[in-house]
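**Q** This is the content of start-v9.cif (mmCIF, N, CA and C atoms and all ligand atoms):
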data_structure
loop_
_atom_site.label_atom_id
_atom_site.label_comp_id
_atom_site.auth_asym_id
_atom_site.auth_seq_id
_atom_site.Cartn_x
_atom_site.Cartn_y
_atom_site.Cartn_z
N MET A 212 247.50 72.31 265.27
CA MET A 212 247.64 72.61 266.69
C MET A 212 246.76 73.79 267.08
N ALA A 213 246.29 73.75 268.30
CA ALA A 213 245.46 74.82 268.82
C ALA A 213 245.91 75.13 270.24
N THR A 214 245.64 76.34 270.68
CA THR A 214 245.90 76.66 272.06
C THR A 214 244.69 76.23 272.89
N VAL A 215 244.97 75.36 273.84
CA VAL A 215 243.91 74.81 274.67
C VAL A 215 244.10 75.34 276.08
N THR A 216 243.04 75.86 276.68
CA THR A 216 243.11 76.28 278.07
C THR A 216 242.11 75.47 278.87
N GLY A 217 242.41 75.32 280.16
CA GLY A 217 241.50 74.56 281.00
C GLY A 217 241.89 74.67 282.45
N GLY A 218 241.20 73.93 283.27
CA GLY A 218 241.49 73.95 284.69
C GLY A 218 240.49 73.08 285.45
N CYS A 219 240.68 73.08 286.76
CA CYS A 219 239.85 72.22 287.61
C CYS A 219 238.54 72.91 287.98
N LEU A 220 237.74 72.22 288.72
CA LEU A 220 236.42 72.75 289.08
C LEU A 220 236.53 73.97 289.99
N CYS A 221 237.46 73.97 290.93
CA CYS A 221 237.53 75.07 291.91
C CYS A 221 238.39 76.23 291.42
N GLY A 222 239.20 76.03 290.38
CA GLY A 222 240.01 77.12 289.85
C GLY A 222 241.41 77.19 290.42
N ALA A 223 241.76 76.32 291.35
CA ALA A 223 243.11 76.34 291.94
C ALA A 223 244.16 75.91 290.93
N VAL A 224 243.77 75.08 289.97
CA VAL A 224 244.69 74.61 288.93
C VAL A 224 244.20 75.12 287.58
N ARG A 225 245.11 75.77 286.84
CA ARG A 225 244.81 76.25 285.49
C ARG A 225 245.95 75.81 284.57
N TYR A 226 245.63 75.55 283.32
CA TYR A 226 246.70 75.20 282.37
C TYR A 226 246.40 75.79 281.01
N SER A 227 247.47 75.86 280.21
CA SER A 227 247.32 76.18 278.81
C SER A 227 248.35 75.36 278.04
N ALA A 228 247.99 74.94 276.84
CA ALA A 228 248.85 74.03 276.09
C ALA A 228 248.63 74.21 274.60
N GLU A 229 249.65 73.81 273.83
CA GLU A 229 249.49 73.66 272.39
C GLU A 229 249.17 72.20 272.13
N ALA A 230 248.02 71.94 271.56
CA ALA A 230 247.58 70.55 271.41
C ALA A 230 246.72 70.40 270.17
N ASP A 231 246.63 69.17 269.68
CA ASP A 231 245.69 68.85 268.61
C ASP A 231 244.48 68.16 269.25
N PRO A 232 243.38 68.89 269.41
CA PRO A 232 242.23 68.31 270.11
C PRO A 232 241.32 67.48 269.22
N THR A 233 241.77 67.19 267.97
CA THR A 233 240.87 66.49 267.05
C THR A 233 241.12 64.99 267.00
N GLY A 234 242.05 64.50 267.85
CA GLY A 234 242.32 63.05 267.84
C GLY A 234 242.23 62.46 269.23
N VAL A 235 241.13 62.74 269.90
CA VAL A 235 240.98 62.33 271.30
C VAL A 235 240.97 60.81 271.44
N THR A 236 241.75 60.31 272.38
CA THR A 236 241.66 58.90 272.74
C THR A 236 240.58 58.75 273.82
N VAL A 237 239.61 57.92 273.52
CA VAL A 237 238.57 57.60 274.50
C VAL A 237 238.95 56.27 275.14
N CYS A 238 239.28 56.32 276.43
CA CYS A 238 239.73 55.10 277.13
C CYS A 238 238.66 54.62 278.09
N HIS A 239 238.24 53.36 277.87
CA HIS A 239 237.19 52.78 278.69
C HIS A 239 237.73 51.91 279.82
N CYS A 240 239.05 51.95 280.07
CA CYS A 240 239.58 51.02 281.07
C CYS A 240 239.04 51.37 282.46
N LEU A 241 239.06 50.37 283.34
CA LEU A 241 238.48 50.56 284.67
C LEU A 241 239.19 51.64 285.46
N ASP A 242 240.53 51.72 285.31
CA ASP A 242 241.27 52.73 286.05
C ASP A 242 240.83 54.14 285.63
N CYS A 243 240.62 54.33 284.33
CA CYS A 243 240.17 55.65 283.86
C CYS A 243 238.75 55.94 284.34
N GLN A 244 237.91 54.90 284.40
CA GLN A 244 236.56 55.11 284.94
C GLN A 244 236.65 55.55 286.39
N LYS A 245 237.50 54.88 287.17
CA LYS A 245 237.67 55.26 288.58
C LYS A 245 238.21 56.67 288.71
N PHE A 246 239.26 56.97 287.95
CA PHE A 246 239.95 58.26 288.12
C PHE A 246 239.03 59.42 287.74
N THR A 247 238.26 59.24 286.67
CA THR A 247 237.40 60.33 286.23
C THR A 247 236.04 60.29 286.93
N GLY A 248 235.71 59.17 287.54
CA GLY A 248 234.38 59.03 288.14
C GLY A 248 233.29 59.02 287.10
N SER A 249 233.63 58.58 285.89
CA SER A 249 232.66 58.67 284.80
C SER A 249 232.80 57.47 283.88
N ALA A 250 232.15 57.52 282.73
CA ALA A 250 232.07 56.36 281.86
C ALA A 250 233.39 56.05 281.17
N PHE A 251 234.17 57.10 280.87
CA PHE A 251 235.44 56.89 280.17
C PHE A 251 236.30 58.13 280.34
N ALA A 252 237.58 58.01 280.00
CA ALA A 252 238.46 59.17 279.96
C ALA A 252 238.58 59.63 278.51
N ALA A 253 238.54 60.93 278.30
CA ALA A 253 238.79 61.53 276.98
C ALA A 253 240.13 62.25 277.08
N LEU A 254 241.12 61.78 276.27
CA LEU A 254 242.52 62.11 276.51
C LEU A 254 243.15 62.78 275.29
N VAL A 255 243.88 63.87 275.55
CA VAL A 255 244.62 64.56 274.48
C VAL A 255 246.09 64.68 274.90
N PRO A 256 247.01 64.09 274.11
CA PRO A 256 248.44 64.20 274.47
C PRO A 256 249.00 65.57 274.12
N VAL A 257 249.89 66.07 274.98
CA VAL A 257 250.59 67.33 274.71
C VAL A 257 252.06 67.16 275.09
N GLN A 258 252.92 67.91 274.42
CA GLN A 258 254.33 67.96 274.82
C GLN A 258 254.42 68.75 276.12
N LYS A 259 255.18 68.23 277.08
CA LYS A 259 255.31 68.93 278.36
C LYS A 259 255.86 70.35 278.18
N ASP A 260 256.78 70.51 277.20
CA ASP A 260 257.34 71.85 277.04
C ASP A 260 256.38 72.78 276.31
N ALA A 261 255.23 72.28 275.88
CA ALA A 261 254.19 73.13 275.31
C ALA A 261 253.01 73.25 276.27
N LEU A 262 253.27 72.92 277.53
CA LEU A 262 252.20 72.92 278.54
C LEU A 262 252.63 73.77 279.73
N THR A 263 251.77 74.69 280.14
CA THR A 263 252.01 75.51 281.33
C THR A 263 250.91 75.23 282.34
N ILE A 264 251.32 74.85 283.54
CA ILE A 264 250.33 74.57 284.59
C ILE A 264 250.54 75.57 285.72
N LYS A 265 249.45 76.22 286.15
CA LYS A 265 249.48 77.09 287.32
C LYS A 265 248.72 76.39 288.44
N GLY A 266 249.31 76.42 289.64
CA GLY A 266 248.69 75.72 290.75
C GLY A 266 249.43 74.42 291.01
N THR A 267 249.09 73.75 292.08
CA THR A 267 249.80 72.54 292.48
C THR A 267 248.90 71.33 292.35
N LEU A 268 249.40 70.35 291.61
CA LEU A 268 248.66 69.11 291.43
C LEU A 268 249.11 68.08 292.46
N LYS A 269 248.21 67.21 292.85
CA LYS A 269 248.59 66.03 293.61
C LYS A 269 248.65 64.86 292.64
N THR A 270 249.51 63.88 292.93
CA THR A 270 249.76 62.80 291.98
C THR A 270 249.54 61.44 292.63
N PHE A 271 248.82 60.59 291.91
CA PHE A 271 248.64 59.21 292.33
C PHE A 271 249.31 58.30 291.30
N SER A 272 250.15 57.38 291.80
CA SER A 272 250.87 56.49 290.90
C SER A 272 250.32 55.07 291.03
N SER A 273 250.07 54.44 289.87
CA SER A 273 249.66 53.04 289.88
C SER A 273 250.23 52.38 288.64
N PRO A 274 250.35 51.05 288.64
CA PRO A 274 250.88 50.39 287.45
C PRO A 274 249.93 50.53 286.27
N GLY A 275 250.44 51.00 285.14
CA GLY A 275 249.61 51.07 283.94
C GLY A 275 249.53 49.71 283.27
N GLY A 276 248.86 49.64 282.13
CA GLY A 276 248.67 48.39 281.43
C GLY A 276 249.98 47.72 281.06
N SER A 277 251.03 48.53 280.84
CA SER A 277 252.33 47.98 280.45
C SER A 277 253.14 47.53 281.67
N GLY A 278 252.65 47.82 282.88
CA GLY A 278 253.40 47.51 284.08
C GLY A 278 254.21 48.67 284.60
N ASN A 279 254.47 49.66 283.70
CA ASN A 279 255.18 50.87 284.13
C ASN A 279 254.24 51.74 284.96
N PRO A 280 254.83 52.53 285.90
CA PRO A 280 253.97 53.41 286.69
C PRO A 280 253.25 54.42 285.81
N LEU A 281 252.00 54.60 286.09
CA LEU A 281 251.19 55.63 285.44
C LEU A 281 250.88 56.68 286.49
N LEU A 282 251.26 57.93 286.22
CA LEU A 282 251.03 59.02 287.16
C LEU A 282 249.74 59.74 286.79
N ARG A 283 248.86 59.85 287.77
CA ARG A 283 247.58 60.53 287.54
C ARG A 283 247.54 61.77 288.41
N HIS A 284 247.39 62.93 287.75
CA HIS A 284 247.46 64.22 288.44
C HIS A 284 246.06 64.80 288.64
N PHE A 285 245.81 65.30 289.84
CA PHE A 285 244.49 65.86 290.13
C PHE A 285 244.61 67.05 291.07
N CYS A 286 243.56 67.85 291.13
CA CYS A 286 243.55 69.01 292.02
C CYS A 286 243.32 68.54 293.46
N PRO A 287 244.23 68.90 294.38
CA PRO A 287 244.06 68.44 295.75
C PRO A 287 242.90 69.12 296.48
N GLU A 288 242.39 70.22 295.91
CA GLU A 288 241.29 70.94 296.56
C GLU A 288 239.93 70.37 296.17
N CYS A 289 239.71 70.19 294.87
CA CYS A 289 238.38 69.78 294.41
C CYS A 289 238.37 68.39 293.79
N GLY A 290 239.53 67.80 293.54
CA GLY A 290 239.58 66.42 293.06
C GLY A 290 239.45 66.26 291.55
N SER A 291 239.37 67.35 290.80
CA SER A 291 239.24 67.21 289.34
C SER A 291 240.43 66.45 288.76
N SER A 292 240.15 65.52 287.87
CA SER A 292 241.18 64.72 287.20
C SER A 292 241.75 65.52 286.05
N ILE A 293 242.99 65.98 286.17
CA ILE A 293 243.54 66.90 285.19
C ILE A 293 244.33 66.19 284.09
N ALA A 294 245.25 65.28 284.46
CA ALA A 294 246.20 64.78 283.47
C ALA A 294 246.84 63.47 283.93
N GLU A 295 247.44 62.77 282.94
CA GLU A 295 248.18 61.54 283.21
C GLU A 295 249.53 61.61 282.50
N GLU A 296 250.49 60.85 283.00
CA GLU A 296 251.74 60.67 282.26
C GLU A 296 252.33 59.31 282.60
N THR A 297 253.13 58.80 281.65
CA THR A 297 253.77 57.52 281.83
C THR A 297 255.24 57.61 281.46
N ALA A 298 256.07 56.83 282.16
CA ALA A 298 257.51 56.82 281.89
C ALA A 298 257.79 56.32 280.48
N ARG A 299 256.81 55.59 279.90
CA ARG A 299 256.98 55.06 278.56
C ARG A 299 257.06 56.17 277.51
N ARG A 300 256.43 57.32 277.81
CA ARG A 300 256.45 58.45 276.88
C ARG A 300 256.95 59.69 277.62
N PRO A 301 258.25 59.75 277.91
CA PRO A 301 258.79 60.89 278.64
C PRO A 301 258.62 62.16 277.80
N GLY A 302 258.38 63.26 278.48
CA GLY A 302 258.19 64.51 277.75
C GLY A 302 256.76 64.76 277.33
N MET A 303 255.90 63.76 277.53
CA MET A 303 254.50 63.92 277.15
C MET A 303 253.60 63.94 278.38
N MET A 304 252.53 64.66 278.29
CA MET A 304 251.49 64.67 279.30
C MET A 304 250.17 64.47 278.56
N VAL A 305 249.21 63.82 279.20
CA VAL A 305 247.91 63.59 278.58
C VAL A 305 246.87 64.36 279.37
N LEU A 306 246.18 65.29 278.70
CA LEU A 306 245.17 66.11 279.37
C LEU A 306 243.80 65.46 279.29
N ASN A 307 243.01 65.65 280.34
CA ASN A 307 241.64 65.14 280.36
C ASN A 307 240.70 66.21 279.80
N VAL A 308 240.05 65.87 278.69
CA VAL A 308 239.25 66.85 277.95
C VAL A 308 238.14 67.46 278.81
N GLY A 309 237.66 66.71 279.79
CA GLY A 309 236.60 67.24 280.64
C GLY A 309 237.01 68.47 281.43
N THR A 310 238.32 68.76 281.49
CA THR A 310 238.79 69.96 282.20
C THR A 310 239.08 71.11 281.23
N PHE A 311 238.88 70.90 279.91
CA PHE A 311 239.05 72.01 278.95
C PHE A 311 238.01 73.10 279.25
N ASP A 312 238.40 74.36 278.99
CA ASP A 312 237.42 75.44 279.08
C ASP A 312 236.34 75.26 278.01
N ASP A 313 236.77 74.75 276.84
CA ASP A 313 235.81 74.50 275.76
C ASP A 313 235.97 73.07 275.25
N PRO A 314 235.37 72.11 275.92
CA PRO A 314 235.53 70.71 275.50
C PRO A 314 234.93 70.44 274.12
N GLN A 315 234.09 71.37 273.63
CA GLN A 315 233.44 71.16 272.33
C GLN A 315 234.45 71.14 271.18
N ILE A 316 235.67 71.67 271.41
CA ILE A 316 236.66 71.67 270.32
C ILE A 316 237.23 70.27 270.09
N ALA A 317 237.03 69.37 271.04
CA ALA A 317 237.61 68.03 270.94
C ALA A 317 236.75 67.11 270.09
N LYS A 318 237.46 66.26 269.32
CA LYS A 318 236.76 65.27 268.50
C LYS A 318 237.39 63.91 268.74
N PRO A 319 236.58 62.84 268.77
CA PRO A 319 237.14 61.52 269.05
C PRO A 319 238.02 61.02 267.91
N GLY A 320 239.17 60.41 268.26
CA GLY A 320 240.08 59.87 267.27
C GLY A 320 240.18 58.36 267.32
N ARG A 321 239.98 57.78 268.50
CA ARG A 321 240.01 56.32 268.64
C ARG A 321 239.44 55.94 270.00
N GLU A 322 238.97 54.71 270.05
CA GLU A 322 238.52 54.15 271.33
C GLU A 322 239.44 53.00 271.71
N ILE A 323 239.86 52.98 273.00
CA ILE A 323 240.67 51.86 273.48
C ILE A 323 240.01 51.23 274.72
N PHE A 324 240.39 50.01 274.98
CA PHE A 324 239.77 49.20 276.05
C PHE A 324 238.25 49.15 275.88
N ARG A 325 237.86 48.98 274.60
CA ARG A 325 236.44 48.94 274.26
C ARG A 325 235.74 47.76 274.98
N ASP A 326 236.50 46.70 275.32
CA ASP A 326 235.85 45.55 275.97
C ASP A 326 235.39 45.88 277.39
N ARG A 327 235.81 47.04 277.94
CA ARG A 327 235.31 47.46 279.23
C ARG A 327 234.27 48.58 279.12
N ALA A 328 233.89 48.92 277.89
CA ALA A 328 232.93 50.02 277.72
C ALA A 328 231.56 49.62 278.27
N TRP A 329 230.87 50.59 278.83
CA TRP A 329 229.52 50.33 279.31
C TRP A 329 228.65 49.94 278.13
N PRO A 330 227.83 48.89 278.29
CA PRO A 330 227.15 48.31 277.12
C PRO A 330 226.23 49.28 276.38
N TRP A 331 225.72 50.28 277.04
CA TRP A 331 224.80 51.21 276.36
C TRP A 331 225.52 52.38 275.73
N LEU A 332 226.87 52.34 275.79
CA LEU A 332 227.64 53.48 275.32
C LEU A 332 228.09 53.27 273.88
N HIS A 333 227.70 54.18 272.98
CA HIS A 333 228.13 54.09 271.59
C HIS A 333 228.51 55.47 271.08
N LEU A 334 229.77 55.63 270.64
CA LEU A 334 230.23 56.92 270.11
C LEU A 334 229.85 57.03 268.65
N GLU A 335 229.24 58.16 268.29
CA GLU A 335 228.86 58.41 266.91
C GLU A 335 230.08 58.93 266.15
N ALA A 336 230.96 58.04 265.75
CA ALA A 336 232.15 58.46 265.02
C ALA A 336 232.73 57.26 264.30
N ASP A 337 233.26 57.52 263.10
CA ASP A 337 233.89 56.47 262.31
C ASP A 337 235.38 56.47 262.64
N ILE A 338 235.75 55.77 263.69
CA ILE A 338 237.12 55.82 264.22
C ILE A 338 237.59 54.41 264.54
N PRO A 339 238.93 54.20 264.63
CA PRO A 339 239.44 52.90 265.03
C PRO A 339 239.02 52.56 266.46
N ARG A 340 238.71 51.27 266.66
CA ARG A 340 238.30 50.82 267.97
C ARG A 340 239.15 49.61 268.36
N PHE A 341 239.64 49.60 269.59
CA PHE A 341 240.51 48.52 270.07
C PHE A 341 239.86 47.89 271.30
N ALA A 342 239.84 46.55 271.32
CA ALA A 342 239.26 45.86 272.47
C ALA A 342 240.05 46.13 273.74
N LYS A 343 241.40 46.18 273.57
CA LYS A 343 242.27 46.51 274.69
C LYS A 343 243.15 47.68 274.28
N ALA A 344 244.39 47.68 274.73
CA ALA A 344 245.31 48.74 274.32
C ALA A 344 245.72 48.50 272.87
N PRO A 345 245.92 49.56 272.06
CA PRO A 345 246.42 49.36 270.70
C PRO A 345 247.86 48.84 270.76
N SER A 346 248.20 47.97 269.82
CA SER A 346 249.55 47.39 269.86
C SER A 346 250.55 48.35 269.23
ZN ZN A 401 240.42 72.42 292.03
ZN ZN A 402 242.30 54.09 280.64
#
Would you encode the structure as structure tokens?
Ligand SMILES: [Zn+2]
Ligand SMILES: [Zn+2]

**A**
Amino acid sequence: MATVTGGCLCGAVRYSAEADPTGVTVCHCLDCQKFTGSAFAALVPVQKDALTIKGTLKTFSSPGGSGNPLLRHFCPECGSSIAEETARRPGMMVLNVGTFDDPQIAKPGREIFRDRAWPWLHLEADIPRFAKAPS
């Protein structure tokens, strides 16, 4: 575990958490592409009770792959995609590595929804890869 700090682009939202940044889930699903405005989401799970957030997040809810609501939290001022959570894993929050103060500490642990990955995108890592969600 490491202490991870981060925040949004404008600074209105700041967080700190105890997390293991060495097993990042890289999600290529279309919803993550939309939410991040980028090629994929890089995700690190943290226990909510090991996470402190300063500032107010806005939340967008949509059905996740399992059909359960997926909550996506972002800064209402600058729009930075901060975190996700699902009712399927209560007590957990998933942080978006792009908002870390030092994203270089993160290492990929697995790729999911690889069948939606942009064709020119290849991660240099020997990690499990799933065409869709892992079972
Ligand atoms: Zn902001
Ligand atoms: Zn996704």

**Q** Select from chain A every residue with an atom at most 6 Å from any atom of ligand ZN 402 (chain A), then for each give the shortest pair of atoms and their distance in Å to one decimal, using only N, CA and C atoms and all ligand atoms, rows by chain and rising number, as JSON lines.

**A**
{"residue": "A:Cys238", "atom": "CA", "partner": "A:ZN402", "partner_atom": "ZN", "distance": 4.5}
{"residue": "A:His239", "atom": "N", "partner": "A:ZN402", "partner_atom": "ZN", "distance": 5.0}
{"residue": "A:Cys240", "atom": "N", "partner": "A:ZN402", "partner_atom": "ZN", "distance": 3.9}
{"residue": "A:Leu241", "atom": "N", "partner": "A:ZN402", "partner_atom": "ZN", "distance": 5.6}
{"residue": "A:Asp242", "atom": "C", "partner": "A:ZN402", "partner_atom": "ZN", "distance": 5.2}
{"residue": "A:Cys243", "atom": "N", "partner": "A:ZN402", "partner_atom": "ZN", "distance": 4.1}
{"residue": "A:Gln244", "atom": "N", "partner": "A:ZN402", "partner_atom": "ZN", "distance": 5.8}

**Q** Which residues come within 6.5 Å of stretch 288-300 of chain A, counting only N, CA and C atoms, excluding same-chain residues fewer than 2 positions away, as number ranges by chain?

**A** A: 219-221, 246-247, 279-286, 302-307, 310

**Q** Identify which of the residues A:Pro301, A:Arg327, A:Ala223, A:Ala252 lies closest to ligand ZN 401 (chain A), counting only N, CA and C atoms and all ligand atoms when measuring atom-to-atom distances.

**A**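 Of the candidates, the smallest distance to ligand ZN 401 (chain A) is held by A:Ala223.
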
**Q** Pick from A:Ala344, A:Pro314, A:Asp260, A:Pro287: nearest to ligand ZN 401 (chain A), with only N, CA and C atoms and all ligand atoms counted?

**A** A:Pro287

**Q** Among chain A, which residues does DSSP mark as helix (DSSP H, G or I) when it is run on the backbone? Keep the chain and numbering as in the structure and answer as a ChimeraX atom specification.

**A** /A:241-247,259-261,308-310,314-316,325-327

**Q** Please, could you write that set of residues out with N, CA and C atoms as a PDB file, in the coordinates of the input?

**A**
ATOM      1  N   LEU A 241     239.060  50.370 283.340  1.00  0.00           N
ATOM      2  CA  LEU A 241     238.480  50.560 284.670  1.00  0.00           C
ATOM      3  C   LEU A 241     239.190  51.640 285.460  1.00  0.00           C
ATOM      4  N   ASP A 242     240.530  51.720 285.310  1.00  0.00           N
ATOM      5  CA  ASP A 242     241.270  52.730 286.050  1.00  0.00           C
ATOM      6  C   ASP A 242     240.830  54.140 285.630  1.00  0.00           C
ATOM      7  N   CYS A 243     240.620  54.330 284.330  1.00  0.00           N
ATOM      8  CA  CYS A 243     240.170  55.650 283.860  1.00  0.00           C
ATOM      9  C   CYS A 243     238.750  55.940 284.340  1.00  0.00           C
ATOM     10  N   GLN A 244     237.910  54.900 284.400  1.00  0.00           N
ATOM     11  CA  GLN A 244     236.560  55.110 284.940  1.00  0.00           C
ATOM     12  C   GLN A 244     236.650  55.550 286.390  1.00  0.00           C
ATOM     13  N   LYS A 245     237.500  54.880 287.170  1.00  0.00           N
ATOM     14  CA  LYS A 245     237.670  55.260 288.580  1.00  0.00           C
ATOM     15  C   LYS A 245     238.210  56.670 288.710  1.00  0.00           C
ATOM     16  N   PHE A 246     239.260  56.970 287.950  1.00  0.00           N
ATOM     17  CA  PHE A 246     239.950  58.260 288.120  1.00  0.00           C
ATOM     18  C   PHE A 246     239.030  59.420 287.740  1.00  0.00           C
ATOM     19  N   THR A 247     238.260  59.240 286.670  1.00  0.00           N
ATOM     20  CA  THR A 247     237.400  60.330 286.230  1.00  0.00           C
ATOM     21  C   THR A 247     236.040  60.290 286.930  1.00  0.00           C
ATOM     22  N   LYS A 259     255.180  68.230 277.080  1.00  0.00           N
ATOM     23  CA  LYS A 259     255.310  68.930 278.360  1.00  0.00           C
ATOM     24  C   LYS A 259     255.860  70.350 278.180  1.00  0.00           C
ATOM     25  N   ASP A 260     256.780  70.510 277.200  1.00  0.00           N
ATOM     26  CA  ASP A 260     257.340  71.850 277.040  1.00  0.00           C
ATOM     27  C   ASP A 260     256.380  72.780 276.310  1.00  0.00           C
ATOM     28  N   ALA A 261     255.230  72.280 275.880  1.00  0.00           N
ATOM     29  CA  ALA A 261     254.190  73.130 275.310  1.00  0.00           C
ATOM     30  C   ALA A 261     253.010  73.250 276.270  1.00  0.00           C
ATOM     31  N   VAL A 308     240.050  65.870 278.690  1.00  0.00           N
ATOM     32  CA  VAL A 308     239.250  66.850 277.950  1.00  0.00           C
ATOM     33  C   VAL A 308     238.140  67.460 278.810  1.00  0.00           C
ATOM     34  N   GLY A 309     237.660  66.710 279.790  1.00  0.00           N
ATOM     35  CA  GLY A 309     236.600  67.240 280.640  1.00  0.00           C
ATOM     36  C   GLY A 309     237.010  68.470 281.430  1.00  0.00           C
ATOM     37  N   THR A 310     238.320  68.760 281.490  1.00  0.00           N
ATOM     38  CA  THR A 310     238.790  69.960 282.200  1.00  0.00           C
ATOM     39  C   THR A 310     239.080  71.110 281.230  1.00  0.00           C
ATOM     40  N   PRO A 314     235.370  72.110 275.920  1.00  0.00           N
ATOM     41  CA  PRO A 314     235.530  70.710 275.500  1.00  0.00           C
ATOM     42  C   PRO A 314     234.930  70.440 274.120  1.00  0.00           C
ATOM     43  N   GLN A 315     234.090  71.370 273.630  1.00  0.00           N
ATOM     44  CA  GLN A 315     233.440  71.160 272.330  1.00  0.00           C
ATOM     45  C   GLN A 315     234.450  71.140 271.180  1.00  0.00           C
ATOM     46  N   ILE A 316     235.670  71.670 271.410  1.00  0.00           N
ATOM     47  CA  ILE A 316     236.660  71.670 270.320  1.00  0.00           C
ATOM     48  C   ILE A 316     237.230  70.270 270.090  1.00  0.00           C
ATOM     49  N   ARG A 325     237.860  48.980 274.600  1.00  0.00           N
ATOM     50  CA  ARG A 325     236.440  48.940 274.260  1.00  0.00           C
ATOM     51  C   ARG A 325     235.740  47.760 274.980  1.00  0.00           C
ATOM     52  N   ASP A 326     236.500  46.700 275.320  1.00  0.00           N
ATOM     53  CA  ASP A 326     235.850  45.550 275.970  1.00  0.00           C
ATOM     54  C   ASP A 326     235.390  45.880 277.390  1.00  0.00           C
ATOM     55  N   ARG A 327     235.810  47.040 277.940  1.00  0.00           N
ATOM     56  CA  ARG A 327     235.310  47.460 279.230  1.00  0.00           C
ATOM     57  C   ARG A 327     234.270  48.580 279.120  1.00  0.00           C
TER      58      ARG A 327
END

**Q** From the options A:Gln258, A:Phe341, A:Ile323, A:Phe311, which residue's atoms come nearest to A:Val215, counting only N, CA and C atoms?

**A**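 Closest residue, counting only N, CA and C atoms: A:Phe311.
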
**Q** Considering only C-alpha atoms, return as a CSV table (one decimal) with N, CA and C atoms, keeping the file's coordinate frame whatever protein or nucleic-acid residues lie within 10 Å of A:Ser227, sequence-local ones (same chain, fewer than 2 positions apart) excluded.

**A**
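Generated output (selection.csv):
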chain,number,residue,atom,x,y,z
A,214,THR,N,245.6,76.3,270.7
A,214,THR,CA,245.9,76.7,272.1
A,214,THR,C,244.7,76.2,272.9
A,215,VAL,N,245.0,75.4,273.8
A,215,VAL,CA,243.9,74.8,274.7
A,215,VAL,C,244.1,75.3,276.1
A,216,THR,N,243.0,75.9,276.7
A,216,THR,CA,243.1,76.3,278.1
A,216,THR,C,242.1,75.5,278.9
A,217,GLY,N,242.4,75.3,280.2
A,217,GLY,CA,241.5,74.6,281.0
A,217,GLY,C,241.9,74.7,282.4
A,218,GLY,N,241.2,73.9,283.3
A,218,GLY,CA,241.5,74.0,284.7
A,218,GLY,C,240.5,73.1,285.4
A,225,ARG,N,245.1,75.8,286.8
A,225,ARG,CA,244.8,76.2,285.5
A,225,ARG,C,246.0,75.8,284.6
A,229,GLU,N,249.6,73.8,273.8
A,229,GLU,CA,249.5,73.7,272.4
A,229,GLU,C,249.2,72.2,272.1
A,230,ALA,N,248.0,71.9,271.6
A,230,ALA,CA,247.6,70.6,271.4
A,230,ALA,C,246.7,70.4,270.2
A,261,ALA,N,255.2,72.3,275.9
A,261,ALA,CA,254.2,73.1,275.3
A,261,ALA,C,253.0,73.2,276.3
A,262,LEU,N,253.3,72.9,277.5
A,262,LEU,CA,252.2,72.9,278.5
A,262,LEU,C,252.6,73.8,279.7
A,263,THR,N,251.8,74.7,280.1
A,263,THR,CA,252.0,75.5,281.3
A,263,THR,C,250.9,75.2,282.3
A,264,ILE,N,251.3,74.8,283.5
A,264,ILE,CA,250.3,74.6,284.6
A,264,ILE,C,250.5,75.6,285.7
A,265,LYS,N,249.4,76.2,286.2
A,265,LYS,CA,249.5,77.1,287.3
A,265,LYS,C,248.7,76.4,288.4
A,311,PHE,N,238.9,70.9,279.9
A,311,PHE,CA,239.0,72.0,279.0
A,311,PHE,C,238.0,73.1,279.2
A,312,ASP,N,238.4,74.4,279.0
A,312,ASP,CA,237.4,75.4,279.1
A,312,ASP,C,236.3,75.3,278.0

**Q** Quick check, in Å to one decimal: how far apart do atom CA of A:Ala213 and atom N of A:Val235 lie?

**A**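 So the answer is 12.9 Å.
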
**Q** Just how far from atom CA of A:Val255 is atom CA of A:Leu268, in Å to one decimal?

**A** 18.0 Å

**Q** Go through A:Val224, A:Ala342, A:Met212, A:Val308 one by one, measure the shortest atom-to-atom distance of each to ligand ZN 401 (chain A) using all atoms listed in the file, and give the residue with the smallest value.

**A**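 Answer, going by the shortest atom-to-atom distance: A:Val224.
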
**Q** In Å, how far is it from atom CA of A:Lys269 to atom CA of A:Gly222?

**A**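 So the answer is 14.5 Å.
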
**Q** Could you pull the residues within 5 Å of A:Gly234, counting all atoms listed in the file, minus those fewer than 4 positions along the same chain, as number ranges by chain?

**A** A: 318-320

**Q** Put stretch 294-314 of chain A into a file with C-alpha atoms, as a short mmCIF file (atom, residue, chain, number, x, y, z; two decimals), in the first residue's frame.

**A**
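Output (selection06.cif):
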data_model
loop_
_atom_site.label_atom_id
_atom_site.label_comp_id
_atom_site.auth_asym_id
_atom_site.auth_seq_id
_atom_site.Cartn_x
_atom_site.Cartn_y
_atom_site.Cartn_z
CA ALA A 294 -13.67 8.31 -9.42
CA GLU A 295 -16.30 5.60 -9.91
CA GLU A 296 -18.25 3.33 -7.60
CA THR A 297 -20.76 0.54 -7.96
CA ALA A 298 -23.35 -0.94 -5.60
CA ARG A 299 -21.82 -4.32 -6.42
CA ARG A 300 -18.74 -3.40 -4.34
CA PRO A 301 -20.01 -1.32 -1.42
CA GLY A 302 -17.28 0.35 0.59
CA MET A 303 -15.01 0.63 -2.43
CA MET A 304 -14.22 3.57 -4.67
CA VAL A 305 -12.19 3.44 -7.88
CA LEU A 306 -9.81 6.34 -8.52
CA ASN A 307 -8.83 7.54 -11.98
CA VAL A 308 -5.04 7.46 -12.21
CA GLY A 309 -4.98 10.49 -14.51
CA THR A 310 -5.89 12.62 -11.48
CA PHE A 311 -2.96 11.34 -9.33
CA ASP A 312 -0.36 13.96 -8.43
CA ASP A 313 2.22 11.39 -9.55
CA PRO A 314 0.65 9.02 -12.09
#
